[in-house]
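See below for the structure under consideration.
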Amino acid sequence: MDQAQVGGADGTDADENGSVPPGEEAAGPAVPPLATRKPYVHENHGDRRKDAYYWLRDRESSEVLDYLKAENAYTGARTAHTATLRQELYDEILGRIQEDDSSVPSRLGDWWYYSRTEEGKAYAIHCRKHESLEAEEEVILDENELAEGHGYFSLGALKLSPDHRTAAYAVDTDGSEDYTLRFRDLATGDDSPEAITGTAYSVVWANDNRTVFYTVRDEATRPYRCVRHTVGDDPAKDAVVMEELDERFWMGLTKTRSERFILVELGSKITDEVHFLDADDPAGEFRMVRARTQGIEYSVTHHGESFYIVTNEDAVTFKMMIAPVATPGPEHWEELIGERDDVTLQGVDAFRDHLVIYERSEGLPQLRIRQLSTGDEHRIEFPEPTYSVWSGENPEFNTSTLRIVYESMVTPSSVFDYDMVGRGRTLKKRSPIKGGYEADHYETRRLWATAPDGVKVPLSIVARKGVLDHGPVPLMLYGYGSYGSNSEPGFRSSRLSLLDRGMAFVIAHVRGGSEMGRRWYEDGKFLHKSHTFEDFIACAEHLVDEGFTRPDRLAIRGGSAGGLLMGAVMNLRPDLFRCVVAHVPFVDVVTTMLDESIPLTVVEYEEWGNPNELEFYQAMKSYSPYDNVREQDYPHTLVTAGLNDPRVQYWEPAKWTARLRARKTDDNDLLLKTHMGAGHGGASGRYGQIEELAFEFGFVLDKLGLAGEADAGGGSATR
């Protein structure tokens with residue numbers, strides 16, 4: 001339901017976490033559990049809907065938990081024959097990873113900060129060195145120690161005080177995204193006595209090194225309060241400095257790179273409001289940049305006595321304005337970069353002497369550098385026809401070096417330091433791929449499919465060299481297409497386990513994302529949501545028509561809102577796909593969007609529409625996967641869920657699976673796999689995540705008839 005694009009969830013056994021080590025299988029039934037209970041009835045717009053599976057919403061019910069465990073056992077039984085294949089895949093994927101590894105250190109003040117991993121440990125260790133990289137290492141936080149005794153662990157915020165003496169950190173130990181905030185004295189390694197529960201994602205330090213601002217969540221898990229805390233004090237004394245009562249708006253906190261201001265950013269899907277506070281005066285009053293105006297989005301970057309403001313006011317593809325810090329209201333905004341039809345302005349970063357301008361043109365990210373003293377600009381060029389690039393760790397304000405991260409579907413993640421004056425770049429690190437990976441043994445292409453309304457839809461494809469020239473090949477097609485989130489053509493070493501078995505991997509850049517700019521997003525939401533599904537089907541048909549694959553060799557994959565995409569296209573064209581993987585899928589659209597008690601529902605009226613309005617209700621009803629399951633043959637399908645998922649509640653995939661099983665007319669596998677101790681992102685820790693990926697790949701390879709070992713001739717590691 002949200003923007004997270006996630007992997008699968010584990011759950012083939014009935015242990016506490018719902019997971020099974022590779023190669024070990026749970027005994028399970030040969031037939032699926034039945035999900036027939038008394039119908040639940042609700043009325044809406046005169047349409048009386050009977051929902052026979054509404055009872056699955058009761059997470060406290062032993063009957064529901066037993067049902068989910070029975071589904072997991074059934075999935076374990078139906079996939080037992082892939083145990084050896086899954087172990088091979090696990091070994092291959094892990095075998096490509098440099099387990100003892102380290103990030104590129106970033107300098108902030110007199111310190112160098114980095115994180116590293118160790119062989120056999122699932123989580124990162126956060127470290128620093130004083131003044132020199134040759135200095136003795138200090139461990140700030142070891143996630144492995146914090147994770148001990150927990151089946152799930154996720155580190156949220158990790159923020160250092162301006163004097164580098166105290167770390168504020170937040171942890172989630174069940175996947176619910178409900179964080180507990182603590183404070184660690186870095187000299188002693190001891191935590192301050194207080195533990196603040198129920199916090200959200202944002203933590204910011206004031207410049208006095210004692211005061212922090214954090215956000216807390218409401219009953220719908222929405223970050224809605226900004227709270228001020230003094231380290232060492234009783235959290236019960238904390239002062240609420242701002243509260244957002246409009247349920248459409250989320251609250252986030254940031255600090256400007258200049259370290260002069262703390263920002264409270266309030267945003268719905270289509271409207272923004274920013275408040276700022278002098279970081280030297282934590283007890284002071286926040287001031288507002290611009291009051292919210294429905295439909296106007298803006299973001300704020302600080303430099304000197306000015307704010308740089310990127311906004312869509314009278315500019316669909318956004319423009320950049322400048323305003324004085326002293327009088328930042330819209331009546332004082334002056335235009336610096338106007339709207340351009342062919343370029344979407346996505347954001348700006350400010351450094352002492354330069355602005356970094358992030359844009360999107362022709363479906364690809366672009367970076368422009370502007371020298372503030374002269375106004376001179378240049379664009380950073382990149383070598384491949386399709387790629388991903390983004391800003392890396394850039395904590396310093398007084399620098400002319402920009403750290404960027406670049407990758408493509410054949411080029412592993414590469415960290416560069418770019419000289420904004422001399423225009424040269426230095427490769428600081430390319431992610432190592434164990435086993436002798438050779439990029440020249442693989443190729444990436446950009447293709448274009450034609451949607452029913454004539455719009456050209458881009459696809460990014462990767463395969464072993466020569467594979468695409470020899471007839472229909474097994475192929476995995478991935479899609480997302482919501483929230484304006486881009487499915488970037490990046491590198492995944494795990495993907496080599498598919499490519500080295502002769503598969504191709506393709507990303508369909510469908511409408512609803514922003515790959516082709518802001519209008520691409522607008523044309524795939526609200527009443528235009530059907531374009532997302534039509535685009536994906538057009539991409540699949542193009543791959544078949546051009547001879548790259550056949551329906552019986554085509555697997556598709558998507559998660560969360562991408563799981564909605566999977567469910568919709570399965571209903572529309574089940575004949576086009578051999579198998580489907582739908583991770584934590586947002587599939588019960590109508591029921592969820594009618595229930596304002598569910599996290600994200602009200603917030604997402606501005607993404608999907610409000611079903612209490614007839615036109616949006618009818619639109620949702622027309623594509624909601626759960627509501628459109630019909631009596632027909634469906635592809636082999638693997639569905640995952642997380643019992644503690646706050647974004648897509650576990651019952652959506654559970655209900656959808658039950659209805660599919662009751663109505664489908666084929667004998668193909670339909671498997672539900674619920675992680676009983678995790679949330680939206682599935683298992684935590686790299687080994688659990690690899691295990692889940694091996695399960696998914698094993699399912700797909702088995703259904704496509706590719707259960708043999710990988711061909712290591714491409715230079716990739718297999719074991």
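Within each chain, counting starts at residue 1; across the structure tokens, chains are named A, B, ... in the order shown, with ligands numbered 1 upward in that order.
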Write out as a ChimeraX atom specification the residues lying within 9 Å of Ile404 of chain A, counting only C-alpha atoms and excluding same-chain residues fewer than 4 positions away.
/A:389-394,414-418
Set the distance at 9 Å and use only C-alpha atoms: which residues neighbour segment 148-156 of chain A once local chain neighbours fewer than 3 positions away are removed? I'd like the list as a PyMOL selection string.
chain A and resi 16-17+123+143-145+169-175+177+179+181+200-202+677-678+683-685
Write out, as a Markdown table, each residue of segment 486-508 of chain A that has an atom at most 8 Å from segment 455-470 of chain A, together with the closest pair of atoms and their distance in Å to one decimal, counting only C-alpha atoms, rows going by chain and rising number.
```
| residue | atom | partner | partner_atom | distance |
| --- | --- | --- | --- | --- |
| A:Pro489 | CA | A:Ser460 | CA | 6.4 |
| A:Leu499 | CA | A:Ala463 | CA | 5.7 |
| A:Asp500 | CA | A:Arg464 | CA | 7.0 |
| A:Gly502 | CA | A:Val467 | CA | 6.8 |
| A:Met503 | CA | A:Ala463 | CA | 6.7 |
| A:Ala504 | CA | A:Ala463 | CA | 4.6 |
| A:Phe505 | CA | A:Val462 | CA | 5.4 |
| A:Val506 | CA | A:Ile461 | CA | 4.3 |
| A:Ile507 | CA | A:Ser460 | CA | 5.2 |
| A:Ala508 | CA | A:Leu459 | CA | 4.7 |
```
For Ala52 of chain A, the closest of A:Trp656, A:Glu247, A:Pro574, A:Val325 counting only C-alpha atoms is A:Trp656
Distance query Pro383 of chain A at most 12 Å, only C-alpha atoms, self and fewer than 2 positions along chain excluded, as an MDAnalysis selection string:
chainID A and resid 380:381 385:389 406:408 411
Could you write out that same residue set with C-alpha atoms as a PDB file, in the first residue's frame?
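The resulting file, out_21.pdb, is reproduced below:
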```pdb
ATOM      1  CA  ILE A 380      27.556  15.258 -14.872  1.00  0.00           C
ATOM      2  CA  GLU A 381      27.673  12.751 -17.732  1.00  0.00           C
ATOM      3  CA  PRO A 385      22.143   3.965 -21.848  1.00  0.00           C
ATOM      4  CA  THR A 386      20.197   3.093 -18.696  1.00  0.00           C
ATOM      5  CA  TYR A 387      21.433   3.608 -15.127  1.00  0.00           C
ATOM      6  CA  SER A 388      20.685   4.788 -11.587  1.00  0.00           C
ATOM      7  CA  VAL A 389      22.469   7.575  -9.726  1.00  0.00           C
ATOM      8  CA  TYR A 406      26.117   5.061  -9.558  1.00  0.00           C
ATOM      9  CA  GLU A 407      25.019   1.667 -10.842  1.00  0.00           C
ATOM     10  CA  SER A 408      23.307   0.005 -13.758  1.00  0.00           C
ATOM     11  CA  THR A 411      27.557  -2.249 -13.169  1.00  0.00           C
TER      12      THR A 411
END
```
Strand (DSSP E) call set, DSSP backbone run, segment 297-530 of chain A, as a count of residues only
100
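The residue that comes closest to Ala315 of chain A, out of A:Val203, A:Asp66, A:Arg518, A:Phe213 and on the basis of only C-alpha atoms, is A:Arg518.
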Could you tell me how far atom CA of Cys127 of chain A sits from atom CA of Gly252 of chain A, in Å to one decimal place?
26.2 Å
